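Peer 1: File follows, target26.cif with mmCIF, C-alpha atoms:
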data_coords
loop_
_atom_site.label_atom_id
_atom_site.label_comp_id
_atom_site.auth_asym_id
_atom_site.auth_seq_id
_atom_site.Cartn_x
_atom_site.Cartn_y
_atom_site.Cartn_z
CA MET A 1108 20.58 -11.36 11.06
CA SER A 1109 20.44 -9.46 14.31
CA ASN A 1110 17.59 -10.11 16.73
CA SER A 1111 15.91 -6.77 16.11
CA ARG A 1112 16.41 -3.33 14.70
CA ASN A 1113 18.42 -1.12 17.00
CA ARG A 1114 16.05 1.80 16.85
CA LEU A 1115 12.82 2.75 18.55
CA GLY A 1116 11.12 3.62 15.30
CA PRO A 1117 8.96 6.66 14.64
CA SER A 1118 6.42 7.81 17.19
CA PRO A 1119 3.89 9.53 14.94
CA ASP A 1120 1.60 12.16 16.34
CA ALA A 1121 -1.85 10.57 16.53
CA ALA A 1122 -3.30 13.73 14.95
CA ALA A 1123 -0.92 13.66 11.98
CA VAL A 1124 -2.24 12.58 8.60
CA PRO A 1125 -0.73 9.15 7.89
CA LEU A 1126 1.25 8.55 4.74
CA LEU A 1127 -1.02 5.62 3.90
CA ALA A 1128 -4.52 5.08 5.27
CA VAL A 1129 -6.47 1.99 4.18
CA THR A 1130 -10.07 2.04 5.39
CA ASP A 1131 -12.62 -0.81 5.32
CA LEU A 1132 -10.99 -2.33 2.21
CA ALA A 1133 -12.56 -5.40 0.63
CA VAL A 1134 -11.50 -7.41 -2.42
CA ASP A 1135 -13.78 -10.01 -4.03
CA PHE A 1136 -12.98 -12.67 -6.61
CA ALA A 1137 -15.41 -14.70 -8.67
CA SER A 1138 -15.11 -18.48 -8.44
CA THR A 1139 -17.06 -21.51 -9.58
CA GLN A 1140 -18.60 -21.65 -6.12
CA GLY A 1141 -19.58 -17.99 -6.06
CA THR A 1142 -17.88 -14.84 -4.82
CA VAL A 1143 -14.88 -15.25 -2.55
CA ARG A 1144 -13.93 -12.32 -0.33
CA ALA A 1145 -10.13 -12.45 -0.09
CA VAL A 1146 -9.82 -9.18 1.86
CA ASP A 1147 -12.65 -8.20 4.15
CA GLY A 1148 -12.86 -4.81 5.81
CA VAL A 1149 -9.14 -4.18 6.37
CA THR A 1150 -8.16 -0.89 8.00
CA LEU A 1151 -4.52 0.08 8.63
CA THR A 1152 -2.29 3.13 8.64
CA ILE A 1153 1.39 3.71 7.92
CA HIS A 1154 3.25 6.89 8.87
CA SER A 1155 6.29 8.38 7.16
CA GLY A 1156 9.48 6.49 7.94
CA GLU A 1157 7.65 3.64 9.67
CA THR A 1158 7.86 -0.08 8.99
CA HIS A 1159 4.51 -1.79 9.42
CA GLY A 1160 4.81 -5.57 9.47
CA LEU A 1161 1.93 -7.66 8.14
CA VAL A 1162 2.08 -11.31 9.10
CA GLY A 1163 -0.13 -14.34 8.51
CA GLU A 1164 -0.09 -17.78 6.93
CA SER A 1165 -0.28 -18.34 3.17
CA GLY A 1166 -3.71 -17.62 1.76
CA CYS A 1167 -4.80 -15.14 4.41
CA GLY A 1168 -5.00 -12.22 1.95
CA LYS A 1169 -1.70 -10.39 2.56
CA SER A 1170 -0.56 -10.31 -1.07
CA THR A 1171 -4.05 -9.48 -2.34
CA LEU A 1172 -4.14 -6.52 0.04
CA SER A 1173 -0.75 -5.26 -1.19
CA ARG A 1174 -1.81 -5.54 -4.82
CA ALA A 1175 -5.02 -3.64 -4.11
CA ILE A 1176 -3.00 -0.86 -2.46
CA MET A 1177 -0.73 -0.74 -5.53
CA GLY A 1178 -3.74 -0.53 -7.84
CA LEU A 1179 -3.02 -3.89 -9.49
CA ILE A 1180 -6.37 -5.23 -8.21
CA ALA A 1181 -9.57 -3.20 -7.99
CA PRO A 1182 -11.09 -3.18 -4.49
CA SER A 1183 -14.76 -4.01 -4.07
CA ARG A 1184 -15.19 -1.55 -1.21
CA GLY A 1185 -13.25 0.91 0.90
CA SER A 1186 -10.68 3.62 0.36
CA ILE A 1187 -6.90 3.95 0.01
CA HIS A 1188 -5.51 7.37 0.93
CA LEU A 1189 -1.92 8.30 0.07
CA ASN A 1190 -0.89 11.60 1.64
CA GLY A 1191 -4.56 12.32 2.25
CA VAL A 1192 -5.61 11.70 -1.39
CA ASP A 1193 -8.03 8.83 -2.09
CA LEU A 1194 -6.45 6.75 -4.86
CA THR A 1195 -9.67 4.78 -5.38
CA ARG A 1196 -11.41 7.94 -6.62
CA MET A 1197 -8.68 9.15 -8.97
CA SER A 1198 -8.55 8.74 -12.74
CA ARG A 1199 -5.97 6.39 -14.24
CA ARG A 1200 -3.97 9.36 -15.51
CA ALA A 1201 -3.95 11.00 -12.08
CA ILE A 1202 -2.95 7.73 -10.42
CA ARG A 1203 0.01 7.38 -12.81
CA ARG A 1204 1.23 10.80 -11.66
CA GLU A 1205 1.14 9.63 -8.05
CA ARG A 1206 2.51 6.13 -8.63
CA HIS A 1207 6.15 7.08 -8.10
CA ARG A 1208 5.31 7.74 -4.43
CA LEU A 1209 4.32 4.10 -4.00
CA GLN A 1210 6.48 1.20 -5.20
CA MET A 1211 6.62 -2.56 -4.68
CA VAL A 1212 9.31 -5.18 -4.17
CA PHE A 1213 8.08 -8.65 -5.08
CA GLN A 1214 9.01 -12.09 -3.75
CA ASP A 1215 10.65 -12.99 -7.07
CA ASN A 1216 12.03 -9.90 -8.72
CA GLY A 1217 13.57 -12.08 -11.39
CA ALA A 1218 10.05 -12.61 -12.70
CA ALA A 1219 9.34 -8.87 -12.36
CA LEU A 1220 12.30 -7.93 -14.59
CA ASP A 1221 12.09 -8.24 -18.37
CA PRO A 1222 14.66 -10.97 -19.25
CA ARG A 1223 15.24 -9.34 -22.65
CA TRP A 1224 16.28 -6.00 -21.15
CA LEU A 1225 19.61 -5.07 -19.67
CA VAL A 1226 19.39 -4.18 -15.99
CA GLY A 1227 20.29 -0.57 -16.72
CA ARG A 1228 17.44 -0.26 -19.19
CA SER A 1229 14.92 -1.64 -16.66
CA ILE A 1230 15.94 0.96 -14.09
CA ALA A 1231 16.18 3.80 -16.61
CA GLU A 1232 12.73 2.91 -17.93
CA ALA A 1233 11.27 3.60 -14.47
CA LEU A 1234 13.00 6.98 -14.44
CA GLN A 1235 11.71 7.81 -17.91
CA THR A 1236 8.14 6.74 -17.11
CA HIS A 1237 7.99 9.16 -14.20
CA GLY A 1238 9.93 11.96 -15.92
CA ILE A 1239 12.87 11.87 -13.52
CA GLY A 1240 16.11 13.30 -14.91
CA SER A 1241 17.13 13.72 -18.54
CA ALA A 1242 18.18 11.06 -21.02
CA ALA A 1243 21.76 12.29 -20.69
CA ASP A 1244 22.02 11.94 -16.92
CA ARG A 1245 20.06 8.70 -16.49
CA PRO A 1246 23.09 6.40 -16.92
CA SER A 1247 24.84 8.12 -14.01
CA ARG A 1248 21.65 7.93 -11.96
CA VAL A 1249 21.38 4.21 -12.68
CA ALA A 1250 25.01 3.65 -11.64
CA ARG A 1251 24.45 5.59 -8.41
CA ILE A 1252 21.29 3.63 -7.55
CA LEU A 1253 23.04 0.32 -8.21
CA GLY A 1254 25.80 1.42 -5.86
CA ASP A 1255 23.19 2.22 -3.20
CA VAL A 1256 22.06 -1.43 -3.22
CA GLY A 1257 25.58 -2.86 -3.26
CA LEU A 1258 26.00 -3.63 -6.96
CA PRO A 1259 28.79 -2.36 -9.26
CA PRO A 1260 28.02 0.10 -12.10
CA GLU A 1261 28.82 -2.57 -14.72
CA ALA A 1262 25.76 -4.52 -13.54
CA ALA A 1263 23.74 -2.14 -15.72
CA ALA A 1264 25.17 -3.80 -18.85
CA ARG A 1265 24.11 -7.35 -17.88
CA TYR A 1266 20.86 -9.28 -18.17
CA PRO A 1267 18.88 -10.44 -15.11
CA ARG A 1268 19.78 -14.09 -15.78
CA ALA A 1269 23.42 -13.29 -15.02
CA PHE A 1270 22.63 -12.59 -11.36
CA SER A 1271 21.87 -14.71 -8.31
CA GLY A 1272 18.52 -14.57 -6.54
CA GLY A 1273 19.85 -12.17 -3.92
CA GLN A 1274 21.39 -9.92 -6.55
CA ARG A 1275 18.14 -9.86 -8.55
CA GLN A 1276 16.35 -8.80 -5.38
CA ARG A 1277 18.83 -5.94 -5.03
CA ILE A 1278 18.04 -4.95 -8.63
CA GLY A 1279 14.32 -4.97 -7.80
CA ILE A 1280 14.97 -2.75 -4.80
CA ALA A 1281 17.08 -0.43 -6.98
CA ARG A 1282 14.26 -0.13 -9.51
CA ALA A 1283 11.81 0.74 -6.74
CA LEU A 1284 14.21 3.30 -5.23
CA ALA A 1285 14.93 4.93 -8.60
CA VAL A 1286 11.68 6.94 -8.59
CA GLU A 1287 12.23 8.19 -5.02
CA PRO A 1288 9.13 6.65 -3.41
CA GLU A 1289 7.75 7.54 0.00
CA LEU A 1290 6.42 4.03 0.63
CA ILE A 1291 7.59 0.60 -0.57
CA LEU A 1292 5.40 -2.48 -0.28
CA CYS A 1293 7.65 -5.50 0.35
CA ASP A 1294 5.72 -8.69 -0.41
CA GLU A 1295 7.66 -11.66 1.03
CA PRO A 1296 10.91 -10.11 -0.28
CA VAL A 1297 13.24 -12.70 1.28
CA SER A 1298 11.18 -15.89 1.53
CA ALA A 1299 12.75 -17.38 -1.63
CA LEU A 1300 16.33 -16.67 -0.51
CA ASP A 1301 18.88 -18.58 1.55
CA VAL A 1302 19.08 -17.54 5.20
CA SER A 1303 22.46 -15.81 4.82
CA VAL A 1304 21.20 -13.86 1.80
CA GLN A 1305 17.97 -13.01 3.65
CA ALA A 1306 20.00 -11.23 6.32
CA GLN A 1307 21.84 -9.18 3.70
CA ILE A 1308 18.62 -8.04 2.02
CA LEU A 1309 16.89 -7.24 5.31
CA ASN A 1310 19.85 -5.21 6.52
CA LEU A 1311 19.98 -3.42 3.15
CA LEU A 1312 16.29 -2.48 3.40
CA ALA A 1313 16.73 -1.25 6.98
CA ASP A 1314 19.79 0.80 6.04
CA LEU A 1315 18.11 2.36 2.99
CA GLN A 1316 15.07 3.20 5.06
CA ASP A 1317 17.11 4.90 7.77
CA ARG A 1318 19.07 6.92 5.19
CA ARG A 1319 16.13 7.87 2.97
CA GLY A 1320 13.22 7.99 5.43
CA ILE A 1321 11.12 5.61 3.36
CA ALA A 1322 8.12 3.88 4.92
CA LEU A 1323 7.70 0.12 4.43
CA LEU A 1324 4.76 -2.24 4.49
CA PHE A 1325 6.67 -5.45 5.16
CA ILE A 1326 4.65 -8.60 4.38
CA SER A 1327 5.80 -12.01 5.57
CA HIS A 1328 4.64 -15.31 7.02
CA ASP A 1329 7.84 -15.46 9.13
CA LEU A 1330 7.49 -13.85 12.55
CA SER A 1331 11.24 -13.71 13.18
CA VAL A 1332 11.75 -11.70 9.98
CA VAL A 1333 8.91 -9.32 10.89
CA GLU A 1334 10.43 -8.88 14.36
CA HIS A 1335 13.73 -7.85 12.79
CA MET A 1336 12.12 -5.17 10.61
CA SER A 1337 8.96 -3.74 12.11
CA ASP A 1338 7.90 -0.80 14.27
CA ARG A 1339 4.28 -1.96 14.33
CA VAL A 1340 2.77 -5.33 13.46
CA SER A 1341 -0.63 -6.44 12.18
CA VAL A 1342 -1.77 -10.06 12.06
CA MET A 1343 -4.06 -11.14 9.24
CA TYR A 1344 -6.31 -14.20 9.19
CA GLY A 1345 -9.07 -15.13 6.77
CA GLY A 1346 -8.93 -11.77 5.02
CA ARG A 1347 -9.22 -9.71 8.21
CA ILE A 1348 -6.85 -7.98 10.62
CA VAL A 1349 -7.16 -9.74 13.99
CA GLU A 1350 -4.47 -7.91 15.99
CA THR A 1351 -2.35 -4.75 15.68
CA ALA A 1352 0.23 -3.49 18.17
CA GLU A 1353 3.46 -1.58 18.56
CA ARG A 1354 6.50 -3.81 18.15
CA ARG A 1355 7.44 -4.13 21.83
CA THR A 1356 3.85 -4.73 22.95
CA PHE A 1357 3.31 -7.29 20.23
CA TRP A 1358 6.31 -9.40 21.21
CA LEU A 1359 5.72 -9.14 24.95
CA SER A 1360 1.92 -9.59 24.91
CA PRO A 1361 0.57 -11.42 21.84
CA THR A 1362 -3.13 -11.62 22.65
CA HIS A 1363 -5.36 -13.01 19.90
CA PRO A 1364 -5.57 -16.84 20.02
CA TYR A 1365 -4.32 -17.02 16.43
CA THR A 1366 -1.37 -14.71 17.16
CA ARG A 1367 -0.40 -16.87 20.13
CA LEU A 1368 -0.64 -19.94 17.92
CA LEU A 1369 1.75 -18.29 15.46
CA PHE A 1370 4.21 -17.70 18.29
CA ALA A 1371 3.93 -21.31 19.44
CA SER A 1372 4.62 -22.54 15.92
CA SER A 1373 7.80 -20.46 15.59
CA PRO A 1374 10.64 -22.31 17.40
CA SER A 1375 13.03 -19.41 16.82
CA LEU A 1376 10.88 -17.18 19.02
CA GLY A 1377 9.85 -19.49 21.82
CA ARG A 1378 7.23 -18.87 24.48
CA GLN A 1379 9.83 -17.72 27.02
CA ARG A 1380 10.69 -14.75 24.82
CA SER A 1381 7.10 -13.61 24.51
CA GLY A 1382 6.59 -13.67 28.26
CA THR A 1383 3.16 -15.23 27.84
CA ALA A 1384 1.56 -18.38 29.10
CA SER A 1385 1.12 -21.36 26.85
CA PRO A 1386 -0.98 -20.50 23.81
CA PRO A 1387 -4.48 -21.90 23.44
CA PRO A 1388 -4.55 -25.15 21.48
CA ALA A 1389 -6.29 -25.25 18.14
CA ASP A 1390 -8.10 -28.11 16.47
CA GLY A 1391 -6.90 -29.45 13.14
CA ALA A 1392 -4.08 -28.55 10.84
CA TRP A 1393 -3.73 -25.23 9.06
CA ASP A 1394 -6.11 -26.31 6.35
CA LEU A 1395 -7.10 -23.24 4.38
CA HIS A 1396 -10.29 -24.68 2.91
CA ARG A 1397 -11.69 -24.79 6.44
CA THR A 1398 -11.14 -21.06 6.81
CA SER A 1399 -13.92 -19.69 4.67
CA ALA A 1400 -13.89 -15.97 4.00
CA SER A 1401 -17.68 -16.02 3.93
CA GLY A 1402 -20.26 -16.56 6.63
CA ASP A 1403 -20.85 -15.05 10.04
CA GLY A 1404 -18.78 -15.14 13.17
CA CYS A 1405 -15.07 -15.23 13.84
CA ARG A 1406 -12.92 -16.60 11.01
CA PHE A 1407 -10.80 -18.49 13.54
CA LYS A 1408 -13.74 -20.19 15.26
CA ALA A 1409 -13.19 -23.63 13.64
CA ARG A 1410 -9.65 -23.81 15.04
CA CYS A 1411 -10.07 -22.13 18.42
CA ARG A 1412 -10.93 -24.25 21.47
CA GLN A 1413 -11.83 -21.08 23.36
CA ALA A 1414 -14.68 -20.30 20.97
CA MET A 1415 -18.04 -19.58 22.60
CA PRO A 1416 -21.53 -19.27 21.06
CA ARG A 1417 -21.04 -15.57 20.31
CA CYS A 1418 -18.00 -16.42 18.20
CA LEU A 1419 -20.14 -18.55 15.87
CA THR A 1420 -22.54 -15.77 14.88
CA GLU A 1421 -20.95 -12.38 15.57
CA THR A 1422 -17.86 -11.15 13.71
CA PRO A 1423 -15.46 -9.55 16.22
CA GLN A 1424 -14.27 -6.03 15.47
CA LEU A 1425 -10.90 -4.54 16.35
CA ARG A 1426 -11.06 -2.86 19.75
CA LEU A 1427 -8.50 -1.06 21.84
CA ILE A 1428 -7.19 -3.14 24.76
CA GLY A 1429 -4.09 -1.07 25.57
CA PRO A 1430 -1.99 1.82 24.21
CA GLY A 1431 -1.78 1.25 20.44
CA HIS A 1432 -2.92 -2.36 20.87
CA HIS A 1433 -6.08 -3.52 19.04
CA VAL A 1434 -7.52 -7.05 18.99
CA ALA A 1435 -10.55 -8.52 17.20
CA CYS A 1436 -11.65 -11.29 19.60
CA HIS A 1437 -14.69 -11.89 21.83
CA VAL A 1438 -12.67 -14.03 24.25
CA VAL A 1439 -9.94 -11.57 25.31
#
Rewrite the structure of this file - the entire thing - as structure tokens.

Peer 2:
Amino acid sequence: MSNSRNRLGPSPDAAAVPLLAVTDLAVDFASTQGTVRAVDGVTLTIHSGETHGLVGESGCGKSTLSRAIMGLIAPSRGSIHLNGVDLTRMSRRAIRRERHRLQMVFQDNGAALDPRWLVGRSIAEALQTHGIGSAADRPSRVARILGDVGLPPEAAARYPRAFSGGQRQRIGIARALAVEPELILCDEPVSALDVSVQAQILNLLADLQDRRGIALLFISHDLSVVEHMSDRVSVMYGGRIVETAERRTFWLSPTHPYTRLLFASSPSLGRQRSGTASPPPADGAWDLHRTSASGDGCRFKARCRQAMPRCLTETPQLRLIGPGHHVACHVV
């Protein structure tokens, strides 16, 4: 895997309508101890052709956010606009008509594929669902899509179990591409793969994006993978976005105490690369039960030695600290 993508990425006009606009989104789950807010007031935008990286440790709400955007989970509050249309206010029938614009690649696409169906049928079924092509030309479409992801046409006549993990991920990408989406949500798409296979899948996604102009929301807990893929990066902690910046700014000037802790915990990045001073220490291990998504104040307060009284009672909001750089922190 190369150190980074050799492109500057899109520079969207600030006045342009984003492809995806998530505003003040919240997702609640019922538990034996009451309501748990897994996503709390998330706002983010993605423009056409852009890769927006979303990083954070397990349990921070990344996957829940992606499933809410896909419509697999109902949000408790907020809006999700795709091409200016609010999906949260559309009927199920209307959403189905728009669904081809938005697709998802899962961590384990083997589990997302029906083991009883041939690969060709799984891809053709997506085409049929969205009324793309005729029954007669779908086999040739399937063969062409498989070729786009580096698989031979005869793969269509095999079952998912006949393929390796990396090959199944290529099949999942092919199924998502089949309906010609404008945005693909990639939820930890390489975390279950060997490092060498990870590089192949990441390079495939980057190449497909450059050729097709698809936007990506790329979700990962691995900063080095996000660095390789992203034009912009958002950091999520305790259900909230705590920092967002353009790629270069993010890697040169990580600012939120939690972001700097992520950098310090990633040996492949190193503090010398970031150009920052030593990150602030944090108390305790990354123990998720200590990071309650309820209550007042900063979600990171229990682990931040820089916390001050204001951090205990007042929830910090994202504020602009530089061009395209937003941070939710009272300290910085």

Peer 1: Skipping near chain neighbours, those fewer than 3 positions away, what residues fall within 12 Å of A:Val1212 using all atoms listed in the file, listed as a ChimeraX atom specification?

Peer 2: /A:1170,1173-1174,1177,1209,1215-1220,1275-1284,1288,1290-1297,1308,1312,1323-1326

Peer 1: Quick one: write out the picked residues with C-alpha atoms as a PDB file, in the coordinates of the input?

Peer 2:
ATOM      1  CA  SER A1170      -0.560 -10.310  -1.070  1.00  0.00           C
ATOM      2  CA  SER A1173      -0.750  -5.260  -1.190  1.00  0.00           C
ATOM      3  CA  ARG A1174      -1.810  -5.540  -4.820  1.00  0.00           C
ATOM      4  CA  MET A1177      -0.730  -0.740  -5.530  1.00  0.00           C
ATOM      5  CA  LEU A1209       4.320   4.100  -4.000  1.00  0.00           C
ATOM      6  CA  ASP A1215      10.650 -12.990  -7.070  1.00  0.00           C
ATOM      7  CA  ASN A1216      12.030  -9.900  -8.720  1.00  0.00           C
ATOM      8  CA  GLY A1217      13.570 -12.080 -11.390  1.00  0.00           C
ATOM      9  CA  ALA A1218      10.050 -12.610 -12.700  1.00  0.00           C
ATOM     10  CA  ALA A1219       9.340  -8.870 -12.360  1.00  0.00           C
ATOM     11  CA  LEU A1220      12.300  -7.930 -14.590  1.00  0.00           C
ATOM     12  CA  ARG A1275      18.140  -9.860  -8.550  1.00  0.00           C
ATOM     13  CA  GLN A1276      16.350  -8.800  -5.380  1.00  0.00           C
ATOM     14  CA  ARG A1277      18.830  -5.940  -5.030  1.00  0.00           C
ATOM     15  CA  ILE A1278      18.040  -4.950  -8.630  1.00  0.00           C
ATOM     16  CA  GLY A1279      14.320  -4.970  -7.800  1.00  0.00           C
ATOM     17  CA  ILE A1280      14.970  -2.750  -4.800  1.00  0.00           C
ATOM     18  CA  ALA A1281      17.080  -0.430  -6.980  1.00  0.00           C
ATOM     19  CA  ARG A1282      14.260  -0.130  -9.510  1.00  0.00           C
ATOM     20  CA  ALA A1283      11.810   0.740  -6.740  1.00  0.00           C
ATOM     21  CA  LEU A1284      14.210   3.300  -5.230  1.00  0.00           C
ATOM     22  CA  PRO A1288       9.130   6.650  -3.410  1.00  0.00           C
ATOM     23  CA  LEU A1290       6.420   4.030   0.630  1.00  0.00           C
ATOM     24  CA  ILE A1291       7.590   0.600  -0.570  1.00  0.00           C
ATOM     25  CA  LEU A1292       5.400  -2.480  -0.280  1.00  0.00           C
ATOM     26  CA  CYS A1293       7.650  -5.500   0.350  1.00  0.00           C
ATOM     27  CA  ASP A1294       5.720  -8.690  -0.410  1.00  0.00           C
ATOM     28  CA  GLU A1295       7.660 -11.660   1.030  1.00  0.00           C
ATOM     29  CA  PRO A1296      10.910 -10.110  -0.280  1.00  0.00           C
ATOM     30  CA  VAL A1297      13.240 -12.700   1.280  1.00  0.00           C
ATOM     31  CA  ILE A1308      18.620  -8.040   2.020  1.00  0.00           C
ATOM     32  CA  LEU A1312      16.290  -2.480   3.400  1.00  0.00           C
ATOM     33  CA  LEU A1323       7.700   0.120   4.430  1.00  0.00           C
ATOM     34  CA  LEU A1324       4.760  -2.240   4.490  1.00  0.00           C
ATOM     35  CA  PHE A1325       6.670  -5.450   5.160  1.00  0.00           C
ATOM     36  CA  ILE A1326       4.650  -8.600   4.380  1.00  0.00           C
TER      37      ILE A1326
END

Peer 1: Please identify all polymer residues within 8 Å of A:Leu1127, counting all atoms listed in the file, omitting same-chain residues fewer than 6 positions from it, and present them as a ChimeraX atom specification.

Peer 2: /A:1152-1154,1187-1191

Peer 1: Once the PyMOL selection byres ((chain A and resi 1362) around 9) is applied to the coordinates I shared, what remains selected? I want it as an NGL selection string.

Peer 2: :A and (1350 or 1357 or 1360-1361 or 1363-1367 or 1383 or 1434 or 1439)

Peer 1: Which centre and which edge lengths, in Å to one decimal, describe the axis-aligned box that holds all listed atoms of stretch 1359-1371 of chain A after 5 Å is added on each side, as lines of an AutoDock Vina configuration file?

Peer 2:
center_x = 0.1
center_y = -15.2
center_z = 20.2
size_x = 21.3
size_y = 22.2
size_z = 19.5

Peer 1: With distances taken over all atoms listed in the file, which residue among A:Asp1317, A:Glu1157, A:Asp1255, A:Glu1353 lies nearest A:Pro1125?

Peer 2: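 Using all atoms listed in the file, A:Pro1125 sits closest to A:Glu1157.
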
Peer 1: Between atom CA of A:Thr1356 and atom CA of A:Gly1431, what is the spacing in Å?

Peer 2: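 Calculated distance between atom CA of A:Gly1431 and atom CA of A:Thr1356 is 8.6 Å.
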
Peer 1: How many Å separate atom CA of A:Gln1316 from atom CA of A:Thr1158?

Peer 2: 8.8 Å

Peer 1: When you draw a straight line from atom CA of A:Ser1186 to atom CA of A:Ala1128, how long is it in Å?

Peer 2: 8.0 Å

Peer 1: Mind filling out stretch 1363-1370 of chain A with all heavy atoms and sending it as a PDB file, in the coordinates of the input?

Peer 2:
ATOM      1  N   HIS A1363      -4.353 -12.244  20.638  1.00  0.00           N
ATOM      2  CA  HIS A1363      -5.360 -13.010  19.900  1.00  0.00           C
ATOM      3  C   HIS A1363      -4.966 -14.493  19.890  1.00  0.00           C
ATOM      4  O   HIS A1363      -3.773 -14.828  19.769  1.00  0.00           O
ATOM      5  CB  HIS A1363      -5.468 -12.493  18.467  1.00  0.00           C
ATOM      6  CG  HIS A1363      -6.667 -13.004  17.736  1.00  0.00           C
ATOM      7  ND1 HIS A1363      -6.703 -14.263  17.165  1.00  0.00           N
ATOM      8  CD2 HIS A1363      -7.873 -12.428  17.493  1.00  0.00           C
ATOM      9  CE1 HIS A1363      -7.886 -14.432  16.590  1.00  0.00           C
ATOM     10  NE2 HIS A1363      -8.615 -13.339  16.775  1.00  0.00           N
ATOM     11  N   PRO A1364      -5.914 -15.414  20.038  1.00  0.00           N
ATOM     12  CA  PRO A1364      -5.570 -16.840  20.020  1.00  0.00           C
ATOM     13  C   PRO A1364      -4.780 -17.261  18.778  1.00  0.00           C
ATOM     14  O   PRO A1364      -3.880 -18.110  18.873  1.00  0.00           O
ATOM     15  CB  PRO A1364      -6.939 -17.532  20.062  1.00  0.00           C
ATOM     16  CG  PRO A1364      -7.820 -16.555  20.771  1.00  0.00           C
ATOM     17  CD  PRO A1364      -7.345 -15.190  20.337  1.00  0.00           C
ATOM     18  N   TYR A1365      -5.077 -16.667  17.636  1.00  0.00           N
ATOM     19  CA  TYR A1365      -4.320 -17.020  16.430  1.00  0.00           C
ATOM     20  C   TYR A1365      -2.892 -16.480  16.509  1.00  0.00           C
ATOM     21  O   TYR A1365      -1.939 -17.174  16.136  1.00  0.00           O
ATOM     22  CB  TYR A1365      -5.017 -16.460  15.189  1.00  0.00           C
ATOM     23  CG  TYR A1365      -4.212 -16.658  13.924  1.00  0.00           C
ATOM     24  CD1 TYR A1365      -3.895 -17.944  13.481  1.00  0.00           C
ATOM     25  CD2 TYR A1365      -3.752 -15.575  13.182  1.00  0.00           C
ATOM     26  CE1 TYR A1365      -3.141 -18.138  12.331  1.00  0.00           C
ATOM     27  CE2 TYR A1365      -3.000 -15.754  12.033  1.00  0.00           C
ATOM     28  CZ  TYR A1365      -2.702 -17.042  11.610  1.00  0.00           C
ATOM     29  OH  TYR A1365      -1.949 -17.222  10.479  1.00  0.00           O
ATOM     30  N   THR A1366      -2.712 -15.258  17.007  1.00  0.00           N
ATOM     31  CA  THR A1366      -1.370 -14.710  17.160  1.00  0.00           C
ATOM     32  C   THR A1366      -0.532 -15.590  18.084  1.00  0.00           C
ATOM     33  O   THR A1366       0.635 -15.895  17.808  1.00  0.00           O
ATOM     34  CB  THR A1366      -1.431 -13.281  17.742  1.00  0.00           C
ATOM     35  OG1 THR A1366      -2.268 -12.469  16.927  1.00  0.00           O
ATOM     36  CG2 THR A1366      -0.044 -12.668  17.798  1.00  0.00           C
ATOM     37  N   ARG A1367      -1.125 -16.029  19.176  1.00  0.00           N
ATOM     38  CA  ARG A1367      -0.400 -16.870  20.130  1.00  0.00           C
ATOM     39  C   ARG A1367      -0.075 -18.232  19.517  1.00  0.00           C
ATOM     40  O   ARG A1367       0.966 -18.831  19.809  1.00  0.00           O
ATOM     41  CB  ARG A1367      -1.231 -17.004  21.399  1.00  0.00           C
ATOM     42  CG  ARG A1367      -1.342 -15.676  22.153  1.00  0.00           C
ATOM     43  CD  ARG A1367      -2.419 -15.695  23.207  1.00  0.00           C
ATOM     44  NE  ARG A1367      -2.097 -16.624  24.281  1.00  0.00           N
ATOM     45  CZ  ARG A1367      -2.964 -16.974  25.221  1.00  0.00           C
ATOM     46  NH1 ARG A1367      -4.209 -16.501  25.202  1.00  0.00           N
ATOM     47  NH2 ARG A1367      -2.603 -17.803  26.186  1.00  0.00           N
ATOM     48  N   LEU A1368      -0.933 -18.707  18.636  1.00  0.00           N
ATOM     49  CA  LEU A1368      -0.640 -19.940  17.920  1.00  0.00           C
ATOM     50  C   LEU A1368       0.536 -19.755  16.972  1.00  0.00           C
ATOM     51  O   LEU A1368       1.387 -20.643  16.837  1.00  0.00           O
ATOM     52  CB  LEU A1368      -1.877 -20.403  17.158  1.00  0.00           C
ATOM     53  CG  LEU A1368      -1.794 -21.774  16.472  1.00  0.00           C
ATOM     54  CD1 LEU A1368      -1.593 -22.886  17.493  1.00  0.00           C
ATOM     55  CD2 LEU A1368      -3.055 -22.026  15.653  1.00  0.00           C
ATOM     56  N   LEU A1369       0.612 -18.591  16.318  1.00  0.00           N
ATOM     57  CA  LEU A1369       1.750 -18.290  15.460  1.00  0.00           C
ATOM     58  C   LEU A1369       3.049 -18.303  16.261  1.00  0.00           C
ATOM     59  O   LEU A1369       4.067 -18.837  15.817  1.00  0.00           O
ATOM     60  CB  LEU A1369       1.572 -16.930  14.790  1.00  0.00           C
ATOM     61  CG  LEU A1369       0.587 -16.820  13.628  1.00  0.00           C
ATOM     62  CD1 LEU A1369       0.535 -15.380  13.130  1.00  0.00           C
ATOM     63  CD2 LEU A1369       0.966 -17.744  12.487  1.00  0.00           C
ATOM     64  N   PHE A1370       3.022 -17.708  17.439  1.00  0.00           N
ATOM     65  CA  PHE A1370       4.210 -17.700  18.290  1.00  0.00           C
ATOM     66  C   PHE A1370       4.615 -19.116  18.672  1.00  0.00           C
ATOM     67  O   PHE A1370       5.798 -19.464  18.659  1.00  0.00           O
ATOM     68  CB  PHE A1370       3.950 -16.878  19.555  1.00  0.00           C
ATOM     69  CG  PHE A1370       4.296 -15.428  19.422  1.00  0.00           C
ATOM     70  CD1 PHE A1370       3.480 -14.568  18.695  1.00  0.00           C
ATOM     71  CD2 PHE A1370       5.443 -14.913  20.003  1.00  0.00           C
ATOM     72  CE1 PHE A1370       3.789 -13.236  18.561  1.00  0.00           C
ATOM     73  CE2 PHE A1370       5.768 -13.571  19.873  1.00  0.00           C
ATOM     74  CZ  PHE A1370       4.935 -12.731  19.150  1.00  0.00           C
TER      75      PHE A1370
END
